[in-house]
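Participant: File follows, entry.txt with compact mmCIF, C-alpha atoms:
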```
# COMPACT_ATOMS: atom_id res chain seq x y z
CA MET A 1 0.00 0.00 0.00
CA SER A 2 1.44 3.36 -0.91
CA ALA A 3 2.24 6.06 1.64
CA LEU A 4 -0.52 8.20 0.15
CA ALA A 5 -3.11 5.47 0.62
CA LEU A 6 -1.98 4.97 4.21
CA ALA A 7 -2.21 8.67 4.86
CA LEU A 8 -5.68 8.86 3.38
CA ALA A 9 -6.82 5.91 5.45
CA SER A 10 -5.50 7.31 8.73
CA PRO A 11 -8.03 8.48 11.35
CA ALA A 12 -6.49 11.95 11.33
CA PHE A 13 -7.48 12.37 7.69
CA ALA A 14 -10.98 11.07 8.29
CA CYS A 15 -11.42 13.54 11.17
CA SER A 16 -10.11 16.63 9.43
CA ILE A 17 -12.67 19.24 8.48
CA MET A 18 -12.75 19.82 4.78
CA PRO A 19 -12.42 23.45 3.75
CA PRO A 20 -15.40 24.86 1.86
CA PRO A 21 -15.17 24.64 -1.91
CA PRO A 22 -14.37 27.87 -3.72
CA PRO A 23 -17.29 29.93 -5.05
CA PRO A 24 -18.10 29.27 -8.71
CA MET A 25 -16.45 31.51 -11.28
CA PRO A 26 -18.61 34.49 -12.23
CA PRO A 27 -19.79 34.65 -15.85
CA ALA A 28 -17.29 36.07 -18.30
CA GLY A 29 -17.41 39.84 -18.49
CA THR A 30 -18.63 40.30 -14.91
CA SER A 31 -17.19 43.45 -13.29
CA ALA A 32 -14.93 43.09 -10.27
CA ALA A 33 -17.57 44.63 -7.98
CA ASP A 34 -20.30 42.31 -9.26
CA GLY A 35 -17.92 39.34 -9.03
CA ALA A 36 -17.18 40.20 -5.38
CA ALA A 37 -20.92 40.50 -4.68
CA LEU A 38 -21.59 37.10 -6.26
CA ASN A 39 -18.77 35.52 -4.23
CA LEU A 40 -20.09 37.05 -1.02
CA ALA A 41 -23.63 35.87 -1.73
CA TRP A 42 -22.46 32.36 -2.52
CA SER A 43 -20.25 32.14 0.59
CA GLN A 44 -22.91 33.43 2.94
CA ALA A 45 -25.56 31.12 1.50
CA TYR A 46 -23.17 28.15 1.64
CA THR A 47 -22.41 28.93 5.30
CA ALA A 48 -26.12 29.30 6.10
CA GLN A 49 -26.77 25.87 4.55
CA ARG A 50 -24.03 24.26 6.64
CA VAL A 51 -25.36 25.95 9.80
CA ALA A 52 -28.84 24.61 9.01
CA GLU A 53 -27.42 21.11 8.50
CA GLY A 54 -25.58 21.38 11.82
CA GLN A 55 -28.77 22.46 13.58
CA ALA A 56 -30.74 19.61 12.01
CA TRP A 57 -28.09 17.11 13.09
CA LYS A 58 -28.07 18.52 16.62
CA LEU A 59 -31.86 18.28 16.80
CA GLN A 60 -31.81 14.71 15.52
CA GLN A 61 -29.20 13.69 18.13
CA GLN A 62 -31.16 15.26 20.96
CA THR A 63 -34.44 13.75 19.79
CA ARG A 64 -32.84 10.31 19.77
CA LEU A 65 -31.23 10.87 23.17
CA PHE A 66 -34.49 12.13 24.69
CA ASP A 67 -36.27 8.99 23.48
CA GLU A 68 -33.49 6.57 24.44
CA ALA A 69 -32.67 7.98 27.86
CA LYS A 70 -34.59 6.55 30.78
CA SER A 71 -33.57 9.54 32.86
CA LEU A 72 -32.45 13.09 32.34
CA VAL A 73 -30.87 14.99 35.19
CA LEU A 74 -29.60 18.52 35.55
CA VAL A 75 -26.25 18.65 37.25
CA ARG A 76 -23.88 21.42 38.18
CA PHE A 77 -20.12 21.11 38.04
CA ASP A 78 -18.87 21.27 41.61
CA ARG A 79 -15.14 20.55 41.45
CA GLN A 80 -12.36 18.49 40.00
CA ALA A 81 -11.05 15.65 42.12
CA LYS A 82 -8.65 12.73 42.01
CA ALA A 83 -10.15 9.26 42.01
CA GLY A 84 -8.41 5.92 42.37
CA LYS A 85 -4.89 5.19 43.54
CA GLY A 86 -1.52 4.57 42.03
CA ASP A 87 -1.55 3.86 38.31
CA ASP A 88 -5.36 3.86 38.30
CA ALA A 89 -5.60 7.42 39.68
CA GLN A 90 -7.40 9.79 37.37
CA THR A 91 -8.91 13.25 37.40
CA VAL A 92 -12.68 13.26 37.56
CA ALA A 93 -15.36 15.93 37.43
CA VAL A 94 -17.59 15.94 40.49
CA LEU A 95 -21.15 16.77 39.45
CA LYS A 96 -24.06 17.46 41.75
CA PRO A 97 -27.62 16.65 40.66
CA VAL A 98 -29.91 19.66 40.80
CA ARG A 99 -33.17 18.38 39.32
CA TRP A 100 -34.46 15.21 37.65
CA VAL A 101 -36.08 16.23 34.39
CA LYS A 102 -37.15 12.78 33.23
CA GLY A 103 -37.32 9.40 34.95
CA THR A 104 -37.60 8.43 38.57
CA ALA A 105 -36.21 11.20 40.73
CA GLN A 106 -33.29 10.22 42.92
CA PRO A 107 -32.25 12.05 46.08
CA ILE A 108 -30.95 15.57 45.68
CA GLY A 109 -29.10 17.04 48.58
CA LYS A 110 -25.72 18.03 49.86
CA SER A 111 -24.45 14.46 49.84
CA ALA A 112 -25.68 13.57 46.35
CA GLU A 113 -22.97 13.77 43.72
CA PHE A 114 -21.39 11.65 41.08
CA GLN A 115 -18.04 11.42 39.39
CA LEU A 116 -17.50 11.64 35.68
CA GLY A 117 -14.16 10.38 34.45
CA MET A 118 -12.57 10.29 31.04
CA SER A 119 -13.69 7.73 28.51
CA MET A 120 -12.42 6.62 25.15
CA PRO A 121 -13.59 9.05 22.46
CA PRO A 122 -14.87 7.72 19.13
CA PRO A 123 -12.49 7.97 16.16
CA CYS A 124 -13.85 11.32 15.06
CA GLY A 125 -15.54 12.87 18.02
CA GLN A 126 -15.37 13.75 21.66
CA MET A 127 -15.71 11.44 24.62
CA ILE A 128 -19.12 11.09 26.26
CA GLY A 129 -19.77 14.04 28.52
CA HIS A 130 -16.77 15.97 27.20
CA ALA A 131 -18.25 19.37 28.07
CA ALA A 132 -19.19 18.33 31.60
CA TYR A 133 -15.79 16.74 32.23
CA TYR A 134 -14.05 19.97 31.30
CA GLY A 135 -16.63 22.21 33.03
CA GLN A 136 -16.06 24.99 35.51
CA PRO A 137 -17.61 25.33 38.97
CA GLY A 138 -21.17 26.56 38.58
CA ASP A 139 -21.60 25.35 35.00
CA VAL A 140 -24.82 23.38 34.49
CA PHE A 141 -25.25 20.35 32.24
CA LEU A 142 -28.01 18.02 31.19
CA VAL A 143 -27.02 14.38 31.64
CA TYR A 144 -28.80 11.68 29.63
CA LEU A 145 -28.79 8.34 31.45
CA SER A 146 -29.64 4.84 30.25
CA GLY A 147 -31.10 4.05 33.69
CA ASN A 148 -32.08 5.74 36.92
CA GLU A 149 -28.67 5.62 38.52
CA LEU A 150 -26.15 8.40 38.39
CA LYS A 151 -23.19 6.29 37.38
CA GLN A 152 -20.60 6.83 34.71
CA ASP A 153 -21.48 3.64 32.86
CA LYS A 154 -25.09 4.82 32.57
CA VAL A 155 -24.21 8.15 31.02
CA LEU A 156 -25.31 8.34 27.38
CA GLU A 157 -24.31 11.98 26.96
CA ALA A 158 -24.00 15.27 28.82
CA TYR A 159 -24.59 18.61 27.16
CA ALA A 160 -24.20 22.20 28.24
CA ILE A 161 -27.64 23.81 28.58
CA GLU A 162 -27.05 26.34 25.79
CA ARG A 163 -26.61 23.42 23.40
CA ILE A 164 -30.14 22.09 24.00
CA VAL A 165 -32.54 22.80 21.13
CA GLU A 166 -34.94 19.83 21.21
CA PRO A 167 -38.47 21.13 21.96
CA ARG A 168 -39.57 18.42 24.43
CA THR A 169 -36.34 18.83 26.38
CA ILE A 170 -36.73 22.61 26.44
CA ALA A 171 -40.33 22.19 27.62
CA ALA A 172 -39.19 19.81 30.36
CA LEU A 173 -36.50 22.26 31.46
CA MET A 174 -39.08 25.03 31.72
CA ALA A 175 -41.77 22.97 33.43
CA ARG A 176 -42.67 24.45 36.79
CA MET B 1 -60.19 67.03 40.36
CA ASN B 2 -58.14 64.02 41.30
CA THR B 3 -60.79 61.79 39.78
CA ILE B 4 -60.63 63.68 36.48
CA ARG B 5 -56.85 63.58 36.49
CA THR B 6 -56.91 59.85 37.15
CA GLY B 7 -59.51 59.36 34.44
CA LEU B 8 -57.48 61.36 31.94
CA ALA B 9 -54.36 59.46 32.82
CA ALA B 10 -56.22 56.20 32.24
CA LEU B 11 -57.53 57.48 28.91
CA VAL B 12 -54.07 58.59 27.76
CA LEU B 13 -52.69 55.23 28.81
CA ALA B 14 -55.46 53.34 27.03
CA VAL B 15 -54.99 55.33 23.81
CA GLY B 16 -51.25 54.90 24.05
CA LEU B 17 -51.56 51.16 24.44
CA ALA B 18 -54.01 50.93 21.58
CA ALA B 19 -51.80 52.94 19.20
CA PRO B 20 -49.88 51.07 16.48
CA ALA B 21 -46.64 52.25 18.05
CA ASN B 22 -47.35 49.88 20.91
CA ALA B 23 -46.85 46.95 18.54
CA CYS B 24 -43.33 48.21 17.89
CA GLN B 25 -42.21 48.13 21.46
CA PRO B 26 -39.47 45.65 22.28
CA PRO B 27 -40.69 42.37 23.73
CA PRO B 28 -41.21 42.39 27.47
CA PRO B 29 -38.50 40.90 29.65
CA PRO B 30 -38.90 37.20 30.36
CA PRO B 31 -41.05 36.30 33.35
CA ALA B 32 -39.22 35.45 36.51
CA ALA B 33 -37.95 31.91 36.82
CA PRO B 34 -40.12 29.73 39.06
CA ALA B 35 -39.14 29.62 42.71
CA PRO B 36 -36.99 26.59 43.59
CA PRO B 37 -38.38 23.94 45.93
CA ALA B 38 -38.11 24.73 49.61
CA GLY B 39 -34.75 23.79 51.07
CA THR B 40 -32.84 24.20 47.79
CA SER B 41 -29.31 25.45 48.35
CA ALA B 42 -28.32 28.86 46.96
CA GLU B 43 -26.01 27.23 44.38
CA ASP B 44 -28.69 24.84 43.18
CA ALA B 45 -31.25 27.66 43.05
CA ARG B 46 -28.87 29.73 40.90
CA ALA B 47 -28.31 26.72 38.64
CA LEU B 48 -32.05 26.14 38.25
CA ALA B 49 -32.66 29.81 37.43
CA ASP B 50 -29.81 29.81 34.87
CA VAL B 51 -31.30 26.74 33.20
CA TRP B 52 -34.77 28.25 33.07
CA TYR B 53 -33.56 31.55 31.54
CA GLN B 54 -31.35 29.74 29.01
CA ALA B 55 -34.28 27.52 27.97
CA HIS B 56 -36.45 30.62 27.65
CA ARG B 57 -33.78 32.29 25.45
CA THR B 58 -33.58 29.19 23.24
CA LEU B 59 -37.35 29.13 22.90
CA SER B 60 -37.52 32.84 22.00
CA TYR B 61 -34.70 32.45 19.51
CA GLU B 62 -36.46 29.52 17.84
CA GLN B 63 -39.76 31.43 17.67
CA GLU B 64 -37.96 34.35 16.04
CA ARG B 65 -36.22 31.99 13.61
CA GLN B 66 -39.57 30.44 12.67
CA ARG B 67 -41.05 33.90 12.15
CA SER B 68 -38.16 34.86 9.83
CA LEU B 69 -38.45 31.59 7.95
CA GLN B 70 -42.18 32.09 7.45
CA GLN B 71 -41.62 35.67 6.27
CA GLN B 72 -38.99 34.55 3.76
CA THR B 73 -41.14 31.65 2.58
CA ASP B 74 -44.05 34.04 1.98
CA LEU B 75 -41.78 36.54 0.20
CA PHE B 76 -40.31 33.84 -2.01
CA ASP B 77 -43.78 32.64 -3.04
CA LYS B 78 -45.27 36.07 -3.48
CA ALA B 79 -42.40 37.82 -5.29
CA GLY B 80 -42.51 37.87 -9.06
CA GLY B 81 -38.87 38.86 -9.08
CA ILE B 82 -36.00 38.36 -6.66
CA VAL B 83 -32.76 40.08 -7.51
CA LEU B 84 -29.38 40.00 -5.85
CA ALA B 85 -28.18 43.59 -5.82
CA ARG B 86 -25.30 45.57 -4.33
CA VAL B 87 -25.26 49.07 -2.93
CA ALA B 88 -23.39 51.02 -5.62
CA SER B 89 -23.60 54.48 -4.06
CA GLU B 90 -25.23 56.35 -1.18
CA GLY B 91 -26.89 59.71 -1.03
CA ARG B 92 -29.71 61.75 0.45
CA THR B 93 -33.14 62.56 -0.91
CA SER B 94 -33.75 66.14 -2.04
CA GLY B 95 -36.09 68.25 -4.15
CA TYR B 96 -39.38 67.53 -2.41
CA PRO B 97 -41.70 70.60 -2.22
CA GLU B 98 -42.25 72.37 1.06
CA GLN B 99 -45.32 70.43 2.10
CA PHE B 100 -43.26 67.22 1.79
CA ALA B 101 -40.09 68.73 3.20
CA TYR B 102 -39.91 65.95 5.80
CA MET B 103 -39.08 63.58 2.96
CA ASN B 104 -35.90 65.48 2.11
CA ASN B 105 -32.51 64.48 3.44
CA MET B 106 -33.52 60.84 3.91
CA PRO B 107 -31.01 58.04 3.19
CA LEU B 108 -30.97 56.93 -0.44
CA VAL B 109 -28.98 54.27 -2.25
CA MET B 110 -28.38 53.31 -5.86
CA MET B 111 -28.67 49.55 -6.23
CA LYS B 112 -26.87 47.62 -8.97
CA PRO B 113 -28.56 44.32 -9.94
CA VAL B 114 -26.02 41.51 -9.96
CA ARG B 115 -28.10 38.40 -10.60
CA TRP B 116 -31.79 37.55 -10.88
CA LEU B 117 -32.73 34.57 -8.72
CA LYS B 118 -36.38 34.58 -9.71
CA GLY B 119 -37.94 36.30 -12.69
CA ALA B 120 -35.84 38.20 -15.19
CA GLY B 121 -35.40 41.93 -15.29
CA GLY B 122 -32.89 44.60 -16.16
CA ALA B 123 -29.35 45.21 -15.03
CA ASP B 124 -29.49 49.00 -14.74
CA GLU B 125 -29.02 50.72 -11.40
CA PHE B 126 -32.16 51.72 -9.56
CA GLN B 127 -32.86 53.97 -6.63
CA LEU B 128 -34.24 53.11 -3.22
CA ALA B 129 -35.00 55.77 -0.64
CA GLU B 130 -36.03 55.52 2.96
CA SER B 131 -39.49 56.89 2.63
CA GLY B 132 -41.35 54.45 0.51
CA GLY B 133 -43.35 51.41 1.41
CA MET B 134 -43.63 52.12 5.12
CA MET B 135 -44.64 48.99 6.98
CA SER B 136 -45.53 48.26 10.58
CA CYS B 137 -43.27 49.56 13.33
CA GLY B 138 -41.90 52.33 11.12
CA TYR B 139 -39.77 49.86 9.17
CA GLY B 140 -39.82 50.41 5.43
CA ALA B 141 -39.62 47.70 2.79
CA ALA B 142 -36.35 49.12 1.46
CA ASP B 143 -34.74 49.92 4.80
CA ALA B 144 -32.27 47.01 4.76
CA ALA B 145 -30.86 48.60 1.59
CA THR B 146 -31.14 52.27 2.47
CA ARG B 147 -29.49 51.67 5.83
CA GLY B 148 -26.65 49.80 4.13
CA GLN B 149 -23.27 50.92 2.84
CA VAL B 150 -21.53 50.81 -0.52
CA GLY B 151 -20.56 47.20 -1.21
CA ASP B 152 -23.34 45.65 0.85
CA VAL B 153 -25.18 42.90 -1.01
CA LEU B 154 -28.90 42.30 -0.52
CA LEU B 155 -31.86 40.44 -1.87
CA VAL B 156 -34.59 42.65 -3.27
CA TYR B 157 -38.02 41.03 -3.44
CA LEU B 158 -40.15 42.63 -6.16
CA GLU B 159 -43.73 42.32 -7.30
CA GLY B 160 -42.48 41.56 -10.79
CA ALA B 161 -39.47 42.31 -12.91
CA GLU B 162 -39.65 46.08 -12.70
CA LEU B 163 -36.83 47.69 -10.74
CA ARG B 164 -38.82 50.44 -9.05
CA GLN B 165 -39.18 51.39 -5.43
CA ASP B 166 -42.96 51.09 -5.50
CA LYS B 167 -42.60 47.51 -6.72
CA VAL B 168 -40.34 46.49 -3.84
CA LEU B 169 -41.96 44.03 -1.46
CA PHE B 170 -39.00 43.82 0.88
CA THR B 171 -35.22 43.88 1.10
CA LEU B 172 -33.12 41.53 3.16
CA ARG B 173 -29.45 41.42 4.03
CA LEU B 174 -27.76 38.20 2.94
CA ASP B 175 -26.86 37.20 6.48
CA ARG B 176 -30.59 37.09 7.30
CA ILE B 177 -31.44 34.53 4.60
CA ILE B 178 -32.38 31.10 5.97
CA GLU B 179 -35.13 29.95 3.57
CA PRO B 180 -33.90 26.73 1.88
CA ARG B 181 -35.12 27.44 -1.69
CA THR B 182 -33.51 30.88 -1.61
CA LEU B 183 -30.24 29.46 -0.29
CA ALA B 184 -30.31 26.78 -2.98
CA LEU B 185 -30.66 29.43 -5.67
CA LEU B 186 -27.86 31.52 -4.17
CA THR B 187 -25.46 28.55 -4.22
CA LYS B 188 -26.52 27.30 -7.64
CA GLU B 189 -23.66 27.38 -10.13
```
Show how you would write the structure in this file as structure tokens.
Facilitator:
Amino acid sequence: MSALALALASPAFACSIMPPPPPPMPPAGTSAADGAALNLAWSQAYTAQRVAEGQAWKLQQQTRLFDEAKSLVLVRFDRQAKAGKGDDAQTVAVLKPVRWVKGTAQPIGKSAEFQLGMSMPPPCGQMIGHAAYYGQPGDVFLVYLSGNELKQDKVLEAYAIERIVEPRTIAALMAR
Amino acid sequence: MNTIRTGLAALVLAVGLAAPANACQPPPPPPAAPAPPAGTSAEDARALADVWYQAHRTLSYEQERQRSLQQQTDLFDKAGGIVLARVASEGRTSGYPEQFAYMNNMPLVMMKPVRWLKGAGGADEFQLAESGGMMSCGYGAADAATRGQVGDVLLVYLEGAELRQDKVLFTLRLDRIIEPRTLALLTKE
């Protein structure tokens, strides 16, 4: 296999973001000012299309997660801590549940908290709960769980609140 | 006397609220976040309030996006002509007689058609001034253009193929366009 083929097959290549294609050439005889206007229009429309695709993908993900998750819980980032000993020691994010949005509510109080450690990211993405793991004290996240327990192996995903766009989730967050 | 004064104040308030200008007022601030359950710690209460306001912002943003999308969908369907045009020069209106003096010294732009997306019309420059086609809230159909600068590129929605101010349905800056058919035409080679 050639070096080029190997390079193309490498994960790094598969993960790289492709630059946008250049705008089409304006018709022959187009003035410089009109050509610049056409380029600008094309670029802005192209960007708007990609933004719309991104939004649609985000909505699809959150719809799937809302349906799949048995529980949704709001947590706030409390602190970073060390967990484990020796070679197994790792940095974890300590998250405190604030409100159960879906599923059977578990205790919320001073003692309730759970630890989110690092996990293996997919080839072209971020690890589960990336944003929450790297949060700051006071940041709030929505954690999607496959069960009713606040345990790392039950975490399907964790998103910052400003990322949430799915209507049922928004409605649940606003429910009094 | 106090009763009359109170009555007048109520009348002025009622007329004021009923006036079209009331529709132009900015949206009211969001309602207060619901009170947290009793016994909630201050940190948790702050977190709950943050979540509620962020969800409210997201909801408002989505409602506004839907309103823009509907407006652009309606414009796309209704317009007989849609032309991509750039602001070629800026100026000020002048020459109105005394009784219309208020229409002098208003922003004015010369628009150069660059490409017709829908319909087919001319390529000659045409004038848009900030006095025509006044719509609700004091916002004119051509304002996105007349409040622009040389080099700005806009979409001009027209009744047909005539490049005349009184045929302009609306003007929109390119960064406002979200309607899929319009975007498809703008990226068509």
Participant: Would you list the contacts of range 187-189 of chain B as a list of chain:residue names, taking every protein, DNA or RNA residue within 7 Å and counting only C-alpha atoms, but skipping same-chain residues closer than 3 positions in sequence?
Facilitator: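 Once the adjacent positions are removed, what remains is A:Pro24, A:Trp42, A:Ala45, A:Tyr46, B:Leu183, B:Ala184.
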Participant: Go through range 10-87 of chain A and flag each residue having an atom no more than 12 Å from range 111-132 of chain B; for those, report the closest pair of atoms plus their distance in Å to one decimal, using only C-alpha atoms, ordered by chain and rising number, as JSON lines.
Facilitator:
```
{"residue": "A:Pro26", "atom": "CA", "partner": "B:Arg115", "partner_atom": "CA", "distance": 10.4}
{"residue": "A:Pro27", "atom": "CA", "partner": "B:Arg115", "partner_atom": "CA", "distance": 10.5}
{"residue": "A:Thr30", "atom": "CA", "partner": "B:Val114", "partner_atom": "CA", "distance": 9.0}
{"residue": "A:Ser31", "atom": "CA", "partner": "B:Val114", "partner_atom": "CA", "distance": 9.6}
{"residue": "A:Ala32", "atom": "CA", "partner": "B:Val114", "partner_atom": "CA", "distance": 11.2}
{"residue": "A:Ala33", "atom": "CA", "partner": "B:Val114", "partner_atom": "CA", "distance": 9.2}
{"residue": "A:Asp34", "atom": "CA", "partner": "B:Val114", "partner_atom": "CA", "distance": 5.8}
{"residue": "A:Gly35", "atom": "CA", "partner": "B:Val114", "partner_atom": "CA", "distance": 8.4}
{"residue": "A:Ala36", "atom": "CA", "partner": "B:Val114", "partner_atom": "CA", "distance": 10.0}
{"residue": "A:Ala37", "atom": "CA", "partner": "B:Val114", "partner_atom": "CA", "distance": 7.4}
{"residue": "A:Leu38", "atom": "CA", "partner": "B:Val114", "partner_atom": "CA", "distance": 7.3}
{"residue": "A:Asn39", "atom": "CA", "partner": "B:Val114", "partner_atom": "CA", "distance": 11.0}
{"residue": "A:Leu40", "atom": "CA", "partner": "B:Val114", "partner_atom": "CA", "distance": 11.6}
{"residue": "A:Ala41", "atom": "CA", "partner": "B:Arg115", "partner_atom": "CA", "distance": 10.2}
{"residue": "A:Trp42", "atom": "CA", "partner": "B:Arg115", "partner_atom": "CA", "distance": 11.6}
```
Participant: Counting all atoms listed in the file, what is within 12 Å of Arg65 in chain B, bar same-chain residues fewer than 5 positions away, as number ranges by chain?
Facilitator: A: 52; B: 58-60, 70-72, 176-179
Participant: Which residues come within 9 Å of range 119-136 of chain A, counting all atoms listed in the file, excluding same-chain residues fewer than 5 positions away, as an MDAnalysis selection string?
Facilitator: chainID A and resid 11:12 14:16 76:80 92:95 141:143 155:160
Participant: Determine, counting only C-alpha atoms, which protein, DNA and RNA residues have an atom within 10 Å of an atom of Arg57 in chain B; residues of the same chain fewer than 5 positions away are not included. Present the result as a list of chain:residue names.
Facilitator: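 Once the nearby chain positions are removed, what remains is A:Glu162, B:Pro30, B:Val51, B:Trp52, B:Glu62, B:Gln63.
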Participant: Give me a file of those residues, with C-alpha atoms, as a compact mmCIF listing (two decimals), keeping the file's coordinate frame.
Facilitator:
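Output file out16.txt follows:
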```txt
# COMPACT_ATOMS: atom_id res chain seq x y z
CA GLU A 162 -27.05 26.34 25.79
CA PRO B 30 -38.90 37.20 30.36
CA VAL B 51 -31.30 26.74 33.20
CA TRP B 52 -34.77 28.25 33.07
CA GLU B 62 -36.46 29.52 17.84
CA GLN B 63 -39.76 31.43 17.67
```
Participant: Using only the atoms of range 123-131 of chain A listed in the file, plus 6 Å on each side, state the axis-aligned box centre and edge lengths in Å rounded to one decimal, as lines of an AutoDock Vina configuration file.
Facilitator:
```
center_x = -16.1
center_y = 13.7
center_z = 21.8
size_x = 19.3
size_y = 23.4
size_z = 25.5
```
Participant: I need the residue nearest chain B from this list: A:Glu68, A:Glu166, A:Glu149, A:Asp87. Use all atoms listed in the file for the distance.
Facilitator: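 Using all atoms listed in the file, the shortest distance to chain B belongs to A:Glu166.
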Participant: Quick check, in Å to one decimal: how far apart do CA of Met174 in chain A and CA of Val98 in chain A lie?
Facilitator: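 Separation between CA of Met174 in chain A and CA of Val98 in chain A: 14.0 Å.
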Participant: Which residues are near Asp152 in chain B? Cut-off 10 Å, all atoms listed in the file, ignore same chain within fewer than 6 positions. Put them as a VMD selection string.
Facilitator: (chain A and resid 37 40) or (chain B and resid 85 to 88 111 144 to 145 173 to 174)
Participant: Closest to chain B among A:Glu53, A:Asp88, A:Asp67, A:Asp153, using all atoms listed in the file?
Facilitator: A:Glu53
Participant: Just the number, please: distance in Å from CA of Thr40 in chain B to CA of Asp139 in chain A, one decimal.
Facilitator: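 Interatomic distance here is 17.1 Å.
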Participant: Report, in Å with one decimal, the straight-line distance from CA of Gly103 in chain A to CA of Ser71 in chain A.
Facilitator: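 Between CA of Gly103 in chain A and CA of Ser71 in chain A the gap works out to 4.3 Å.
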Participant: Find, counting all atoms listed in the file, the residue in B:Leu158, B:Leu84, B:Ala38, B:Ala79 that gets nearest to chain A.
Facilitator: B:Leu84
Participant: Calculated over all atoms listed in the file, which of the candidates B:Leu75, B:Val150, B:Val83, B:Met110 has the smallest distance to Phe170 in chain B?
Facilitator: B:Leu75
Participant: Can you write out as JSON lines which residues of range 104-148 of chain A fall within 10 Å of range 62-65 of chain A, alongside each residue's closest atom pair and its distance in Å to one decimal, counting all atoms listed in the file and ordering rows by chain and ascending residue number?
Facilitator:
```
{"residue": "A:Tyr144", "atom": "CA", "partner": "A:Leu65", "partner_atom": "CA", "distance": 6.9}
{"residue": "A:Leu145", "atom": "CA", "partner": "A:Leu65", "partner_atom": "CA", "distance": 9.0}
{"residue": "A:Ser146", "atom": "CA", "partner": "A:Leu65", "partner_atom": "CA", "distance": 9.4}
```
